[in-house]
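Enquirer: Coordinates in start.txt, compact mmCIF, N, CA and C atoms, are listed below.
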# COMPACT_ATOMS: atom_id res chain seq x y z
N MET A 240 84.21 201.93 126.79
CA MET A 240 84.06 203.21 127.42
C MET A 240 84.38 204.29 126.37
N SER A 241 83.60 205.34 126.39
CA SER A 241 83.77 206.43 125.43
C SER A 241 84.34 207.65 126.15
N TYR A 242 85.35 208.24 125.56
CA TYR A 242 86.01 209.42 126.15
C TYR A 242 85.84 210.60 125.21
N SER A 243 85.85 211.80 125.79
CA SER A 243 85.83 212.99 124.95
C SER A 243 87.21 213.23 124.35
N VAL A 244 88.23 212.64 124.96
CA VAL A 244 89.59 212.65 124.42
C VAL A 244 89.97 211.19 124.24
N ASP A 245 90.84 210.91 123.33
CA ASP A 245 91.27 209.53 123.11
C ASP A 245 92.60 209.33 123.84
N PRO A 246 92.57 208.82 125.07
CA PRO A 246 93.81 208.70 125.86
C PRO A 246 94.92 207.91 125.16
N PRO A 247 94.64 206.75 124.54
CA PRO A 247 95.74 206.04 123.89
C PRO A 247 96.39 206.87 122.77
N GLN A 248 95.57 207.59 122.01
CA GLN A 248 96.12 208.44 120.94
C GLN A 248 96.94 209.58 121.54
N LEU A 249 96.44 210.17 122.62
CA LEU A 249 97.15 211.26 123.28
C LEU A 249 98.46 210.78 123.88
N ILE A 250 98.44 209.60 124.48
CA ILE A 250 99.67 209.03 125.05
C ILE A 250 100.66 208.70 123.94
N GLY A 251 100.17 208.16 122.83
CA GLY A 251 101.04 207.87 121.68
C GLY A 251 101.67 209.13 121.12
N LEU A 252 100.88 210.19 121.03
CA LEU A 252 101.41 211.47 120.56
C LEU A 252 102.48 211.98 121.51
N GLY A 253 102.21 211.87 122.81
CA GLY A 253 103.21 212.30 123.80
C GLY A 253 104.49 211.50 123.69
N GLU A 254 104.37 210.21 123.44
CA GLU A 254 105.56 209.35 123.30
C GLU A 254 106.37 209.75 122.05
N ARG A 255 105.67 210.03 120.95
CA ARG A 255 106.39 210.47 119.74
C ARG A 255 107.08 211.81 119.98
N MET A 256 106.42 212.71 120.70
CA MET A 256 107.04 214.00 121.02
C MET A 256 108.26 213.81 121.92
N ARG A 257 108.16 212.90 122.88
CA ARG A 257 109.29 212.64 123.77
C ARG A 257 110.49 212.13 122.97
N ARG A 258 110.24 211.22 122.02
CA ARG A 258 111.34 210.73 121.18
C ARG A 258 111.93 211.85 120.33
N SER A 259 111.07 212.75 119.84
CA SER A 259 111.56 213.89 119.05
C SER A 259 112.42 214.82 119.90
N PHE A 260 112.00 215.06 121.13
CA PHE A 260 112.81 215.89 122.02
C PHE A 260 114.13 215.22 122.36
N ASP A 261 114.11 213.90 122.52
CA ASP A 261 115.36 213.17 122.76
C ASP A 261 116.30 213.30 121.56
N ASP A 262 115.73 213.20 120.35
CA ASP A 262 116.53 213.36 119.13
C ASP A 262 117.10 214.78 119.04
N LEU A 263 116.26 215.78 119.36
CA LEU A 263 116.73 217.17 119.34
C LEU A 263 117.83 217.38 120.36
N ASP A 264 117.67 216.78 121.53
CA ASP A 264 118.69 216.89 122.58
C ASP A 264 120.01 216.29 122.10
N GLU A 265 119.94 215.14 121.47
CA GLU A 265 121.16 214.50 120.95
C GLU A 265 121.79 215.35 119.84
N ALA A 266 120.95 215.93 118.98
CA ALA A 266 121.48 216.80 117.92
C ALA A 266 122.14 218.04 118.52
N ALA A 267 121.55 218.60 119.57
CA ALA A 267 122.13 219.78 120.23
C ALA A 267 123.47 219.42 120.86
N ARG A 268 123.55 218.23 121.44
CA ARG A 268 124.84 217.81 122.01
C ARG A 268 125.89 217.62 120.92
N GLY A 269 125.47 217.05 119.79
CA GLY A 269 126.39 216.91 118.66
C GLY A 269 126.83 218.25 118.13
N LEU A 270 125.88 219.18 118.05
CA LEU A 270 126.21 220.54 117.60
C LEU A 270 127.19 221.19 118.56
N ARG A 271 126.96 220.98 119.87
CA ARG A 271 127.89 221.53 120.87
C ARG A 271 129.29 220.98 120.66
N ARG A 272 129.41 219.66 120.44
CA ARG A 272 130.74 219.05 120.23
C ARG A 272 131.39 219.60 118.96
N ALA A 273 130.60 219.72 117.89
CA ALA A 273 131.14 220.24 116.63
C ALA A 273 131.54 221.70 116.77
N ALA A 274 130.72 222.48 117.47
CA ALA A 274 131.03 223.90 117.67
C ALA A 274 132.29 224.06 118.52
N ASP A 275 132.42 223.24 119.55
CA ASP A 275 133.62 223.31 120.38
C ASP A 275 134.87 222.95 119.58
N ALA A 276 134.76 221.93 118.73
CA ALA A 276 135.91 221.54 117.90
C ALA A 276 136.26 222.65 116.91
N ALA A 277 135.25 223.25 116.28
CA ALA A 277 135.51 224.33 115.33
C ALA A 277 136.08 225.55 116.05
N ALA A 278 135.55 225.85 117.23
CA ALA A 278 136.05 226.99 118.00
C ALA A 278 137.50 226.77 118.38
N LEU A 279 137.85 225.54 118.73
CA LEU A 279 139.23 225.24 119.07
C LEU A 279 140.14 225.47 117.87
N GLY A 280 139.64 225.13 116.68
CA GLY A 280 140.43 225.37 115.47
C GLY A 280 140.57 226.85 115.13
N LEU A 281 139.66 227.66 115.60
CA LEU A 281 139.68 229.10 115.30
C LEU A 281 140.35 229.93 116.39
N VAL A 282 140.94 229.28 117.37
CA VAL A 282 141.53 230.02 118.50
C VAL A 282 142.56 231.03 118.02
N ARG A 283 143.32 230.68 117.01
CA ARG A 283 144.37 231.60 116.53
C ARG A 283 143.79 232.82 115.82
N ALA A 284 142.64 232.66 115.20
CA ALA A 284 142.00 233.79 114.53
C ALA A 284 140.96 234.36 115.50
N LEU A 285 141.40 235.15 116.44
CA LEU A 285 140.56 235.61 117.54
C LEU A 285 139.25 236.27 117.13
N PRO A 286 139.22 237.16 116.15
CA PRO A 286 137.92 237.76 115.79
C PRO A 286 136.93 236.70 115.28
N ALA A 287 137.43 235.77 114.47
CA ALA A 287 136.55 234.72 113.95
C ALA A 287 136.10 233.79 115.07
N HIS A 288 136.99 233.51 116.00
CA HIS A 288 136.67 232.62 117.11
C HIS A 288 135.53 233.20 117.96
N GLY A 289 135.65 234.46 118.32
CA GLY A 289 134.61 235.11 119.13
C GLY A 289 133.26 235.15 118.43
N ALA A 290 133.28 235.49 117.15
CA ALA A 290 132.03 235.57 116.38
C ALA A 290 131.40 234.18 116.24
N PHE A 291 132.23 233.17 116.03
CA PHE A 291 131.73 231.80 115.89
C PHE A 291 131.09 231.33 117.20
N VAL A 292 131.76 231.56 118.30
CA VAL A 292 131.23 231.13 119.61
C VAL A 292 129.93 231.86 119.90
N GLU A 293 129.88 233.15 119.62
CA GLU A 293 128.67 233.93 119.86
C GLU A 293 127.51 233.42 119.00
N LEU A 294 127.78 233.09 117.76
CA LEU A 294 126.76 232.60 116.84
C LEU A 294 126.22 231.24 117.27
N THR A 295 127.09 230.33 117.59
CA THR A 295 126.66 228.97 117.89
C THR A 295 126.10 228.82 119.30
N ALA A 296 126.62 229.55 120.25
CA ALA A 296 126.18 229.39 121.64
C ALA A 296 124.68 229.65 121.80
N GLY A 297 124.19 230.68 121.16
CA GLY A 297 122.76 231.00 121.26
C GLY A 297 121.88 229.92 120.68
N ARG A 298 122.29 229.37 119.54
CA ARG A 298 121.50 228.32 118.89
C ARG A 298 121.49 227.04 119.73
N ILE A 299 122.62 226.71 120.29
CA ILE A 299 122.73 225.49 121.09
C ILE A 299 121.93 225.65 122.39
N ASP A 300 122.04 226.80 123.02
CA ASP A 300 121.27 227.03 124.24
C ASP A 300 119.77 227.02 123.96
N LEU A 301 119.36 227.57 122.82
CA LEU A 301 117.96 227.55 122.44
C LEU A 301 117.46 226.11 122.29
N ALA A 302 118.24 225.27 121.65
CA ALA A 302 117.86 223.87 121.48
C ALA A 302 117.70 223.18 122.83
N HIS A 303 118.61 223.44 123.74
CA HIS A 303 118.51 222.83 125.08
C HIS A 303 117.28 223.35 125.84
N ARG A 304 116.96 224.64 125.69
CA ARG A 304 115.78 225.18 126.36
C ARG A 304 114.50 224.59 125.77
N ILE A 305 114.48 224.41 124.44
CA ILE A 305 113.32 223.79 123.79
C ILE A 305 113.11 222.38 124.34
N VAL A 306 114.19 221.62 124.45
CA VAL A 306 114.10 220.26 124.97
C VAL A 306 113.58 220.27 126.41
N ALA A 307 114.12 221.15 127.25
CA ALA A 307 113.70 221.20 128.65
C ALA A 307 112.23 221.57 128.78
N ARG A 308 111.80 222.56 128.04
CA ARG A 308 110.40 222.98 128.12
C ARG A 308 109.48 221.92 127.51
N GLY A 309 109.91 221.32 126.43
CA GLY A 309 109.11 220.26 125.82
C GLY A 309 108.92 219.09 126.76
N ARG A 310 109.98 218.71 127.44
CA ARG A 310 109.87 217.61 128.41
C ARG A 310 108.96 218.00 129.57
N ALA A 311 109.01 219.25 130.00
CA ALA A 311 108.12 219.70 131.08
C ALA A 311 106.66 219.65 130.63
N VAL A 312 106.40 220.05 129.39
CA VAL A 312 105.05 219.99 128.85
C VAL A 312 104.56 218.55 128.79
N LEU A 313 105.41 217.64 128.34
CA LEU A 313 105.02 216.23 128.27
C LEU A 313 104.74 215.67 129.65
N SER A 314 105.53 216.08 130.63
CA SER A 314 105.29 215.63 132.00
C SER A 314 103.93 216.13 132.49
N ALA A 315 103.63 217.38 132.22
CA ALA A 315 102.33 217.94 132.61
C ALA A 315 101.20 217.23 131.87
N LEU A 316 101.40 216.95 130.59
CA LEU A 316 100.40 216.24 129.81
C LEU A 316 100.13 214.86 130.40
N GLN A 317 101.17 214.17 130.79
CA GLN A 317 101.01 212.85 131.39
C GLN A 317 100.20 212.95 132.68
N THR A 318 100.49 213.94 133.50
CA THR A 318 99.75 214.14 134.75
C THR A 318 98.28 214.41 134.47
N VAL A 319 97.99 215.25 133.47
CA VAL A 319 96.61 215.58 133.13
C VAL A 319 95.87 214.35 132.61
N VAL A 320 96.50 213.57 131.74
CA VAL A 320 95.84 212.38 131.20
C VAL A 320 95.54 211.39 132.31
N LEU A 321 96.48 211.18 133.21
CA LEU A 321 96.25 210.25 134.33
C LEU A 321 95.13 210.76 135.24
N ALA A 322 95.10 212.05 135.50
CA ALA A 322 94.02 212.63 136.32
C ALA A 322 92.68 212.47 135.62
N TYR A 323 92.66 212.67 134.31
CA TYR A 323 91.43 212.52 133.52
C TYR A 323 90.92 211.09 133.60
N LEU A 324 91.80 210.13 133.41
CA LEU A 324 91.39 208.73 133.46
C LEU A 324 90.92 208.34 134.86
N THR A 325 91.60 208.81 135.89
CA THR A 325 91.20 208.51 137.26
C THR A 325 89.83 209.11 137.56
N ALA A 326 89.62 210.36 137.18
CA ALA A 326 88.34 211.02 137.41
C ALA A 326 87.23 210.32 136.62
N ASP A 327 87.53 209.88 135.42
CA ASP A 327 86.53 209.19 134.61
C ASP A 327 86.14 207.86 135.25
N GLU A 328 87.11 207.13 135.77
CA GLU A 328 86.81 205.88 136.46
C GLU A 328 85.95 206.13 137.70
N GLU A 329 86.30 207.17 138.46
CA GLU A 329 85.51 207.51 139.65
C GLU A 329 84.10 207.91 139.27
N MET A 330 83.95 208.68 138.20
CA MET A 330 82.64 209.10 137.75
C MET A 330 81.81 207.89 137.31
N ALA A 331 82.43 206.97 136.57
CA ALA A 331 81.71 205.78 136.12
C ALA A 331 81.27 204.94 137.32
N GLY A 332 82.14 204.82 138.31
CA GLY A 332 81.78 204.07 139.52
C GLY A 332 80.64 204.74 140.27
N ALA A 333 80.69 206.05 140.41
CA ALA A 333 79.63 206.79 141.11
C ALA A 333 78.31 206.69 140.35
N ALA A 334 78.37 206.75 139.02
CA ALA A 334 77.15 206.64 138.21
C ALA A 334 76.56 205.24 138.35
N GLU A 335 77.41 204.24 138.41
CA GLU A 335 76.93 202.87 138.56
C GLU A 335 76.25 202.68 139.92
N VAL A 336 76.86 203.22 140.98
CA VAL A 336 76.26 203.14 142.32
C VAL A 336 74.93 203.88 142.34
N ALA A 337 74.87 205.06 141.76
CA ALA A 337 73.63 205.84 141.73
C ALA A 337 72.55 205.10 140.94
N ALA A 338 72.92 204.47 139.84
CA ALA A 338 71.95 203.73 139.03
C ALA A 338 71.41 202.53 139.80
N SER A 339 72.29 201.84 140.51
CA SER A 339 71.82 200.68 141.27
C SER A 339 70.92 201.10 142.43
N ARG A 340 71.23 202.24 143.06
CA ARG A 340 70.37 202.76 144.13
C ARG A 340 69.01 203.19 143.58
N ALA A 341 69.03 203.83 142.42
CA ALA A 341 67.79 204.28 141.81
C ALA A 341 66.93 203.10 141.40
N ALA A 342 67.53 202.03 140.95
CA ALA A 342 66.78 200.85 140.55
C ALA A 342 66.15 200.18 141.77
N ALA A 343 66.80 200.30 142.92
CA ALA A 343 66.29 199.67 144.14
C ALA A 343 65.10 200.42 144.72
N VAL A 344 65.00 201.71 144.47
CA VAL A 344 63.90 202.53 145.00
C VAL A 344 62.75 202.48 144.01
N THR A 345 61.54 202.20 144.51
CA THR A 345 60.37 202.17 143.64
C THR A 345 59.93 203.60 143.36
N ASN A 346 59.74 203.88 142.13
CA ASN A 346 59.31 205.20 141.70
C ASN A 346 57.79 205.28 141.82
N PRO A 347 57.25 206.17 142.66
CA PRO A 347 55.79 206.24 142.80
C PRO A 347 55.09 206.75 141.54
N PHE A 348 55.86 207.35 140.63
CA PHE A 348 55.26 207.85 139.39
C PHE A 348 55.51 206.91 138.22
N ASP A 349 55.97 205.73 138.51
CA ASP A 349 56.17 204.73 137.47
C ASP A 349 54.81 204.42 136.85
N PRO A 350 54.72 204.39 135.53
CA PRO A 350 53.42 204.15 134.90
C PRO A 350 52.77 202.83 135.33
N ILE A 351 53.57 201.88 135.69
CA ILE A 351 53.01 200.60 136.13
C ILE A 351 52.40 200.74 137.53
N VAL A 352 53.03 201.56 138.39
CA VAL A 352 52.59 201.71 139.77
C VAL A 352 51.60 202.86 139.91
N PHE A 353 51.72 203.89 139.11
CA PHE A 353 50.94 205.10 139.26
C PHE A 353 49.44 204.78 139.20
N GLY A 354 48.69 205.26 140.13
CA GLY A 354 47.25 205.06 140.14
C GLY A 354 46.85 203.87 140.98
N ARG A 355 47.74 202.97 141.32
CA ARG A 355 47.41 201.84 142.18
C ARG A 355 47.25 202.32 143.61
N ARG A 356 46.46 201.64 144.32
CA ARG A 356 46.32 201.95 145.74
C ARG A 356 47.43 201.29 146.49
N ARG A 357 48.01 202.01 147.37
CA ARG A 357 49.08 201.43 148.17
C ARG A 357 48.49 200.87 149.44
N LEU A 358 49.02 199.78 149.85
CA LEU A 358 48.54 199.17 151.09
C LEU A 358 49.32 199.65 152.26
Could you rewrite the structure in this file as structure tokens?
Expert:
Amino acid sequence: MSYSVDPPQLIGLGERMRRSFDDLDEAARGLRRAADAAALGLVRALPAHGAFVELTAGRIDLAHRIVARGRAVLSALQTVVLAYLTADEEMAGAAEVAASRAAAVTNPFDPIVFGRRRL
């Protein structure tokens, strides 16, 4: 069967992206743990502590938002690929039924039949 999109390649790409988002999520969690530990060490130096928390919090939240949106995109991609494959199977089945019906009906303009007298 020939597709305008290559579903196995698309699914493979989605799987690699999912693993990348999982890695990014784990890195963001590690960054959060490291930032919390560093912030705890800076508690006595209040100006540095506040600046450090402000600097790291935005980056960590951004990483988590990227992961969440990336996973949502992959979920939507999976839904689209499955719908595409289902529609393609239905179309192939409908085309097969139509072809078999067309083969069963004699075409009056068939060059073999055309011009013959019908009884």
Enquirer: What does the distance between CA of Leu252 (chain A) and CA of Gln317 (chain A) come to in Å, to one decimal place?
Expert: 10.9 Å
Enquirer: Using only C-alpha atoms for the distances, tell me which of A:Pro247, A:Arg298, A:Arg310, A:Gly289 is nearest to Ser259 (chain A).
Expert: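 When distances to Ser259 (chain A) are compared using only C-alpha atoms, the smallest one comes from A:Arg310.
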Enquirer: Of the candidates A:Leu281, A:Met256, A:Ala274, A:Leu321, which one gets nearest to Gly309 (chain A) if we count only C-alpha atoms?
Expert: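 Checking each of A:Leu281, A:Met256, A:Ala274, A:Leu321 against Gly309 (chain A), counting only C-alpha atoms, the winner is A:Met256.
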Enquirer: Just to confirm, what's the straight-line distance from CA of Leu313 (chain A) to CA of Asp261 (chain A) in Å (one decimal)?
Expert: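 Atom-to-atom, CA of Leu313 (chain A) and CA of Asp261 (chain A) are spaced 12.1 Å apart.
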Enquirer: I'd like the contact shell of Arg268 (chain A) - 10 Å cut-off, only C-alpha atoms, skipping same-chain residues fewer than 5 positions apart - returned as a list in words.
Expert: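 My list of contacting residues is Asp262, Leu263, Ala273, Ala274, Ile299, Ala302 and His303 of chain A.
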Enquirer: Selection from above, N, CA and C atoms, as a short mmCIF file (atom, residue, chain, number, x, y, z; two decimals), in the coordinates of the input, can you write it?
Expert:
data_model
loop_
_atom_site.label_atom_id
_atom_site.label_comp_id
_atom_site.auth_asym_id
_atom_site.auth_seq_id
_atom_site.Cartn_x
_atom_site.Cartn_y
_atom_site.Cartn_z
N ASP A 262 115.73 213.20 120.35
CA ASP A 262 116.53 213.36 119.13
C ASP A 262 117.10 214.78 119.04
N LEU A 263 116.26 215.78 119.36
CA LEU A 263 116.73 217.17 119.34
C LEU A 263 117.83 217.38 120.36
N ALA A 273 130.60 219.72 117.89
CA ALA A 273 131.14 220.24 116.63
C ALA A 273 131.54 221.70 116.77
N ALA A 274 130.72 222.48 117.47
CA ALA A 274 131.03 223.90 117.67
C ALA A 274 132.29 224.06 118.52
N ILE A 299 122.62 226.71 120.29
CA ILE A 299 122.73 225.49 121.09
C ILE A 299 121.93 225.65 122.39
N ALA A 302 118.24 225.27 121.65
CA ALA A 302 117.86 223.87 121.48
C ALA A 302 117.70 223.18 122.83
N HIS A 303 118.61 223.44 123.74
CA HIS A 303 118.51 222.83 125.08
C HIS A 303 117.28 223.35 125.84
#
Enquirer: Hey, could you make a per-residue contact list for region 291-325 of chain A against region 284-287 of chain A with 10 Å as the cut-off, showing the nearest pair of atoms and its distance in Å to one decimal, counting only C-alpha atoms, sorted by chain and number, as CSV?
Expert:
residue,atom,partner,partner_atom,distance
A:Phe291,CA,A:Ala287,CA,6.0
A:Val292,CA,A:Ala287,CA,8.6
A:Glu293,CA,A:Ala287,CA,9.9
Enquirer: Restricting the calculation to only N, CA and C atoms: of A:Val306, A:Ala341, A:Gly332, A:Leu279, which residue gets closest to Phe260 (chain A)?
Expert: A:Val306
Enquirer: Which distance in Å separates CA of Arg304 (chain A) and atom C of Arg255 (chain A), to one decimal?
Expert: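 About the pair CA of Arg304 (chain A) and atom C of Arg255 (chain A): they are 17.2 Å apart.
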Enquirer: Please output region 284-295 of chain A, rebuilt to include all heavy atoms, as an mmCIF file, keeping the file's coordinate frame.
Expert:
data_model
loop_
_atom_site.group_PDB
_atom_site.id
_atom_site.type_symbol
_atom_site.label_atom_id
_atom_site.label_comp_id
_atom_site.auth_asym_id
_atom_site.auth_seq_id
_atom_site.Cartn_x
_atom_site.Cartn_y
_atom_site.Cartn_z
ATOM 1 N N ALA A 284 142.640 232.660 115.200
ATOM 2 C CA ALA A 284 142.000 233.790 114.530
ATOM 3 C C ALA A 284 140.960 234.360 115.500
ATOM 4 O O ALA A 284 139.778 234.058 115.422
ATOM 5 C CB ALA A 284 141.354 233.334 113.231
ATOM 6 N N LEU A 285 141.400 235.150 116.440
ATOM 7 C CA LEU A 285 140.560 235.610 117.540
ATOM 8 C C LEU A 285 139.250 236.270 117.130
ATOM 9 O O LEU A 285 138.214 235.962 117.715
ATOM 10 C CB LEU A 285 141.368 236.526 118.452
ATOM 11 C CG LEU A 285 142.313 235.727 119.356
ATOM 12 C CD1 LEU A 285 143.331 236.620 119.991
ATOM 13 C CD2 LEU A 285 141.490 235.038 120.408
ATOM 14 N N PRO A 286 139.220 237.160 116.150
ATOM 15 C CA PRO A 286 137.920 237.760 115.790
ATOM 16 C C PRO A 286 136.930 236.700 115.280
ATOM 17 O O PRO A 286 135.760 236.726 115.630
ATOM 18 C CB PRO A 286 138.257 238.765 114.694
ATOM 19 C CG PRO A 286 139.703 239.073 114.869
ATOM 20 C CD PRO A 286 140.321 237.814 115.434
ATOM 21 N N ALA A 287 137.430 235.770 114.470
ATOM 22 C CA ALA A 287 136.550 234.720 113.950
ATOM 23 C C ALA A 287 136.100 233.790 115.070
ATOM 24 O O ALA A 287 134.955 233.350 115.105
ATOM 25 C CB ALA A 287 137.255 233.935 112.852
ATOM 26 N N HIS A 288 136.990 233.510 116.000
ATOM 27 C CA HIS A 288 136.670 232.620 117.110
ATOM 28 C C HIS A 288 135.530 233.200 117.960
ATOM 29 O O HIS A 288 134.552 232.510 118.267
ATOM 30 C CB HIS A 288 137.919 232.379 117.967
ATOM 31 C CG HIS A 288 137.653 231.562 119.187
ATOM 32 N ND1 HIS A 288 137.350 232.136 120.407
ATOM 33 C CD2 HIS A 288 137.614 230.225 119.377
ATOM 34 C CE1 HIS A 288 137.149 231.184 121.287
ATOM 35 N NE2 HIS A 288 137.309 230.010 120.693
ATOM 36 N N GLY A 289 135.650 234.460 118.320
ATOM 37 C CA GLY A 289 134.610 235.110 119.130
ATOM 38 C C GLY A 289 133.260 235.150 118.430
ATOM 39 O O GLY A 289 132.219 234.866 119.033
ATOM 40 N N ALA A 290 133.280 235.490 117.150
ATOM 41 C CA ALA A 290 132.030 235.570 116.380
ATOM 42 C C ALA A 290 131.400 234.180 116.240
ATOM 43 O O ALA A 290 130.179 234.026 116.359
ATOM 44 C CB ALA A 290 132.306 236.151 114.988
ATOM 45 N N PHE A 291 132.230 233.170 116.030
ATOM 46 C CA PHE A 291 131.730 231.800 115.890
ATOM 47 C C PHE A 291 131.090 231.330 117.200
ATOM 48 O O PHE A 291 129.997 230.770 117.197
ATOM 49 C CB PHE A 291 132.855 230.858 115.465
ATOM 50 C CG PHE A 291 132.400 229.449 115.282
ATOM 51 C CD1 PHE A 291 131.723 229.070 114.141
ATOM 52 C CD2 PHE A 291 132.637 228.496 116.263
ATOM 53 C CE1 PHE A 291 131.286 227.766 113.971
ATOM 54 C CE2 PHE A 291 132.211 227.199 116.111
ATOM 55 C CZ PHE A 291 131.531 226.828 114.961
ATOM 56 N N VAL A 292 131.760 231.560 118.300
ATOM 57 C CA VAL A 292 131.230 231.130 119.610
ATOM 58 C C VAL A 292 129.930 231.860 119.900
ATOM 59 O O VAL A 292 128.955 231.258 120.363
ATOM 60 C CB VAL A 292 132.281 231.368 120.714
ATOM 61 C CG1 VAL A 292 131.664 231.209 122.092
ATOM 62 C CG2 VAL A 292 133.454 230.418 120.532
ATOM 63 N N GLU A 293 129.880 233.150 119.620
ATOM 64 C CA GLU A 293 128.670 233.930 119.860
ATOM 65 C C GLU A 293 127.510 233.420 119.000
ATOM 66 O O GLU A 293 126.373 233.313 119.475
ATOM 67 C CB GLU A 293 128.937 235.405 119.556
ATOM 68 C CG GLU A 293 127.766 236.304 119.858
ATOM 69 C CD GLU A 293 128.082 237.767 119.550
ATOM 70 O OE1 GLU A 293 129.262 238.150 119.585
ATOM 71 O OE2 GLU A 293 127.122 238.490 119.270
ATOM 72 N N LEU A 294 127.780 233.090 117.760
ATOM 73 C CA LEU A 294 126.760 232.600 116.840
ATOM 74 C C LEU A 294 126.220 231.240 117.270
ATOM 75 O O LEU A 294 125.015 231.029 117.325
ATOM 76 C CB LEU A 294 127.320 232.521 115.416
ATOM 77 C CG LEU A 294 126.389 231.907 114.374
ATOM 78 C CD1 LEU A 294 125.257 232.879 114.089
ATOM 79 C CD2 LEU A 294 127.157 231.590 113.111
ATOM 80 N N THR A 295 127.090 230.330 117.590
ATOM 81 C CA THR A 295 126.660 228.970 117.890
ATOM 82 C C THR A 295 126.100 228.820 119.300
ATOM 83 O O THR A 295 125.186 228.019 119.518
ATOM 84 C CB THR A 295 127.816 227.971 117.703
ATOM 85 O OG1 THR A 295 128.907 228.339 118.546
ATOM 86 C CG2 THR A 295 128.256 227.915 116.261
#
